[in-house]
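Here is structure_34.pdb, consisting of PDB, C-alpha atoms, pLDDT in the B column:
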ATOM      1  CA  MET A   1     -29.291 -17.818  60.545  1.00 48.00           C
ATOM      2  CA  ALA A   2     -29.410 -15.745  57.372  1.00 64.00           C
ATOM      3  CA  ASP A   3     -27.257 -12.651  56.890  1.00 76.00           C
ATOM      4  CA  ALA A   4     -28.976  -9.306  57.291  1.00 91.00           C
ATOM      5  CA  GLN A   5     -29.858  -7.419  54.147  1.00 94.00           C
ATOM      6  CA  TYR A   6     -30.488  -3.688  54.112  1.00 96.00           C
ATOM      7  CA  TYR A   7     -32.588  -1.764  51.627  1.00 96.00           C
ATOM      8  CA  GLY A   8     -32.706   1.874  50.570  1.00 97.00           C
ATOM      9  CA  THR A   9     -34.545   3.897  47.952  1.00 97.00           C
ATOM     10  CA  GLY A  10     -33.459   7.111  46.267  1.00 96.00           C
ATOM     11  CA  ARG A  11     -35.631   9.293  44.072  1.00 96.00           C
ATOM     12  CA  ARG A  12     -35.061  12.413  42.022  1.00 93.00           C
ATOM     13  CA  LYS A  13     -37.452  13.874  39.469  1.00 92.00           C
ATOM     14  CA  THR A  14     -38.657  10.794  37.543  1.00 91.00           C
ATOM     15  CA  SER A  15     -35.779   8.467  38.505  1.00 94.00           C
ATOM     16  CA  THR A  16     -35.794   5.772  41.170  1.00 95.00           C
ATOM     17  CA  ALA A  17     -32.919   3.662  42.486  1.00 95.00           C
ATOM     18  CA  ARG A  18     -33.405   0.748  44.888  1.00 97.00           C
ATOM     19  CA  VAL A  19     -30.297  -0.586  46.617  1.00 96.00           C
ATOM     20  CA  PHE A  20     -29.946  -3.854  48.519  1.00 97.00           C
ATOM     21  CA  ILE A  21     -26.738  -4.314  50.524  1.00 95.00           C
ATOM     22  CA  LYS A  22     -25.553  -7.358  52.445  1.00 95.00           C
ATOM     23  CA  ASN A  23     -22.307  -8.884  53.663  1.00 95.00           C
ATOM     24  CA  GLY A  24     -20.428 -10.498  50.810  1.00 94.00           C
ATOM     25  CA  LYS A  25     -17.335 -10.369  48.681  1.00 95.00           C
ATOM     26  CA  GLY A  26     -17.791  -7.152  46.686  1.00 94.00           C
ATOM     27  CA  ASP A  27     -20.186  -8.161  43.909  1.00 96.00           C
ATOM     28  CA  ILE A  28     -22.045  -5.122  42.538  1.00 97.00           C
ATOM     29  CA  THR A  29     -24.859  -5.507  40.022  1.00 97.00           C
ATOM     30  CA  VAL A  30     -26.985  -2.804  38.429  1.00 96.00           C
ATOM     31  CA  ASN A  31     -30.159  -3.983  36.695  1.00 95.00           C
ATOM     32  CA  LYS A  32     -28.803  -7.563  36.817  1.00 96.00           C
ATOM     33  CA  LYS A  33     -25.550  -6.590  35.027  1.00 96.00           C
ATOM     34  CA  PRO A  34     -22.102  -6.198  36.570  1.00 96.00           C
ATOM     35  CA  TYR A  35     -21.590  -2.516  37.396  1.00 95.00           C
ATOM     36  CA  SER A  36     -18.625  -2.345  35.001  1.00 94.00           C
ATOM     37  CA  GLU A  37     -20.949  -3.253  32.113  1.00 94.00           C
ATOM     38  CA  PHE A  38     -23.692  -0.844  33.165  1.00 92.00           C
ATOM     39  CA  PHE A  39     -21.253   2.044  33.779  1.00 91.00           C
ATOM     40  CA  ASP A  40     -18.845   1.803  30.856  1.00 91.00           C
ATOM     41  CA  THR A  41     -16.562   4.753  31.696  1.00 93.00           C
ATOM     42  CA  SER A  42     -13.869   4.560  34.340  1.00 94.00           C
ATOM     43  CA  SER A  43     -15.025   7.791  35.997  1.00 94.00           C
ATOM     44  CA  LEU A  44     -18.526   6.399  36.612  1.00 93.00           C
ATOM     45  CA  GLN A  45     -17.072   3.118  37.902  1.00 94.00           C
ATOM     46  CA  TYR A  46     -14.853   5.112  40.268  1.00 95.00           C
ATOM     47  CA  LYS A  47     -17.913   6.911  41.648  1.00 94.00           C
ATOM     48  CA  VAL A  48     -19.546   3.573  42.426  1.00 94.00           C
ATOM     49  CA  LEU A  49     -16.511   2.282  44.347  1.00 95.00           C
ATOM     50  CA  GLN A  50     -15.526   5.547  46.069  1.00 96.00           C
ATOM     51  CA  PRO A  51     -17.676   5.137  49.235  1.00 94.00           C
ATOM     52  CA  PHE A  52     -16.147   1.697  49.856  1.00 95.00           C
ATOM     53  CA  ALA A  53     -12.612   3.010  49.370  1.00 95.00           C
ATOM     54  CA  LEU A  54     -13.209   5.899  51.774  1.00 96.00           C
ATOM     55  CA  THR A  55     -14.581   3.597  54.488  1.00 95.00           C
ATOM     56  CA  ASN A  56     -12.065   0.768  53.913  1.00 95.00           C
ATOM     57  CA  THR A  57     -14.887  -1.700  53.219  1.00 94.00           C
ATOM     58  CA  LYS A  58     -13.995  -2.716  49.663  1.00 92.00           C
ATOM     59  CA  ASP A  59     -14.840  -6.383  48.954  1.00 93.00           C
ATOM     60  CA  GLN A  60     -16.913  -6.680  52.151  1.00 95.00           C
ATOM     61  CA  PHE A  61     -20.429  -6.042  50.816  1.00 95.00           C
ATOM     62  CA  ASP A  62     -22.557  -7.183  47.882  1.00 96.00           C
ATOM     63  CA  LEU A  63     -24.848  -4.636  46.238  1.00 96.00           C
ATOM     64  CA  SER A  64     -27.837  -5.234  44.035  1.00 97.00           C
ATOM     65  CA  VAL A  65     -29.217  -2.059  42.459  1.00 96.00           C
ATOM     66  CA  THR A  66     -32.350  -1.529  40.387  1.00 96.00           C
ATOM     67  CA  VAL A  67     -32.502   1.745  38.455  1.00 94.00           C
ATOM     68  CA  LYS A  68     -35.442   3.139  36.506  1.00 95.00           C
ATOM     69  CA  GLY A  69     -35.614   6.433  34.662  1.00 91.00           C
ATOM     70  CA  GLY A  70     -33.002   9.115  34.210  1.00 82.00           C
ATOM     71  CA  GLY A  71     -29.802   8.815  32.223  1.00 76.00           C
ATOM     72  CA  ILE A  72     -26.592   6.865  32.675  1.00 70.00           C
ATOM     73  CA  ASN A  73     -25.083   9.487  35.015  1.00 69.00           C
TER      74      ASN A  73
END
Full structure transcribed into structure tokens:
Amino acid sequence: MADAQYYGTGRRKTSTARVFIKNGKGDITVNKKPYSEFFDTSSLQYKVLQPFALTNTKDQFDLSVTVKGGGIN
């Protein structure tokens, strides 16, 4: 039986983000790049990891994110 995968979409003005989350080992990709390459500053990387730190679920889920429009922040 395959693991469940969950999907969510966020929109604001002309930007769209699609997020796929499933059980895994903590791999996070944004537009097919590791999140640390996509978000090059430590403060932006911290914002990505903060929800996992607050819920004690770091390294338990894999995320695949597709972003279109907007800026890097």
Which residues are near stretch 11-23 of chain A? Cut-off 12 Å, only C-alpha atoms, ignore same chain within fewer than 6 positions. Put them as a PDB file with C-alpha atoms, in the frame of the given file.
ATOM      1  CA  ALA A   2     -29.410 -15.745  57.372  1.00 64.00           C
ATOM      2  CA  ASP A   3     -27.257 -12.651  56.890  1.00 76.00           C
ATOM      3  CA  ALA A   4     -28.976  -9.306  57.291  1.00 91.00           C
ATOM      4  CA  GLN A   5     -29.858  -7.419  54.147  1.00 94.00           C
ATOM      5  CA  THR A  29     -24.859  -5.507  40.022  1.00 97.00           C
ATOM      6  CA  VAL A  30     -26.985  -2.804  38.429  1.00 96.00           C
ATOM      7  CA  ASN A  31     -30.159  -3.983  36.695  1.00 95.00           C
ATOM      8  CA  THR A  57     -14.887  -1.700  53.219  1.00 94.00           C
ATOM      9  CA  LYS A  58     -13.995  -2.716  49.663  1.00 92.00           C
ATOM     10  CA  ASP A  59     -14.840  -6.383  48.954  1.00 93.00           C
ATOM     11  CA  GLN A  60     -16.913  -6.680  52.151  1.00 95.00           C
ATOM     12  CA  PHE A  61     -20.429  -6.042  50.816  1.00 95.00           C
ATOM     13  CA  ASP A  62     -22.557  -7.183  47.882  1.00 96.00           C
ATOM     14  CA  LEU A  63     -24.848  -4.636  46.238  1.00 96.00           C
ATOM     15  CA  SER A  64     -27.837  -5.234  44.035  1.00 97.00           C
ATOM     16  CA  VAL A  65     -29.217  -2.059  42.459  1.00 96.00           C
ATOM     17  CA  THR A  66     -32.350  -1.529  40.387  1.00 96.00           C
ATOM     18  CA  VAL A  67     -32.502   1.745  38.455  1.00 94.00           C
ATOM     19  CA  LYS A  68     -35.442   3.139  36.506  1.00 95.00           C
ATOM     20  CA  GLY A  69     -35.614   6.433  34.662  1.00 91.00           C
ATOM     21  CA  GLY A  70     -33.002   9.115  34.210  1.00 82.00           C
ATOM     22  CA  GLY A  71     -29.802   8.815  32.223  1.00 76.00           C
ATOM     23  CA  ILE A  72     -26.592   6.865  32.675  1.00 70.00           C
ATOM     24  CA  ASN A  73     -25.083   9.487  35.015  1.00 69.00           C
TER      25      ASN A  73
END
Quiz prompt | Contact residues around A:Gln45 with all atoms listed in the file at 8 Å, ignoring same-chain residues under 5 positions, as a PyMOL selection string | solution = chain A and resi 35-36+39-40
Please write out, as AutoDock Vina command-line options, where the centre of an axis-aligned box around all listed atoms of stretch 35-48 of chain A lies and how long its edges are, in Å to one decimal, after adding 8 Å on each side.
--center_x -18.8 --center_y 2.3 --center_z 36.6 --size_x 25.8 --size_y 27.0 --size_z 27.6
Quiz item: Please, what distance in Å, to one decimal, runs between atom CA of A:Leu49 and atom CA of A:Thr9?
Solution: 18.5 Å
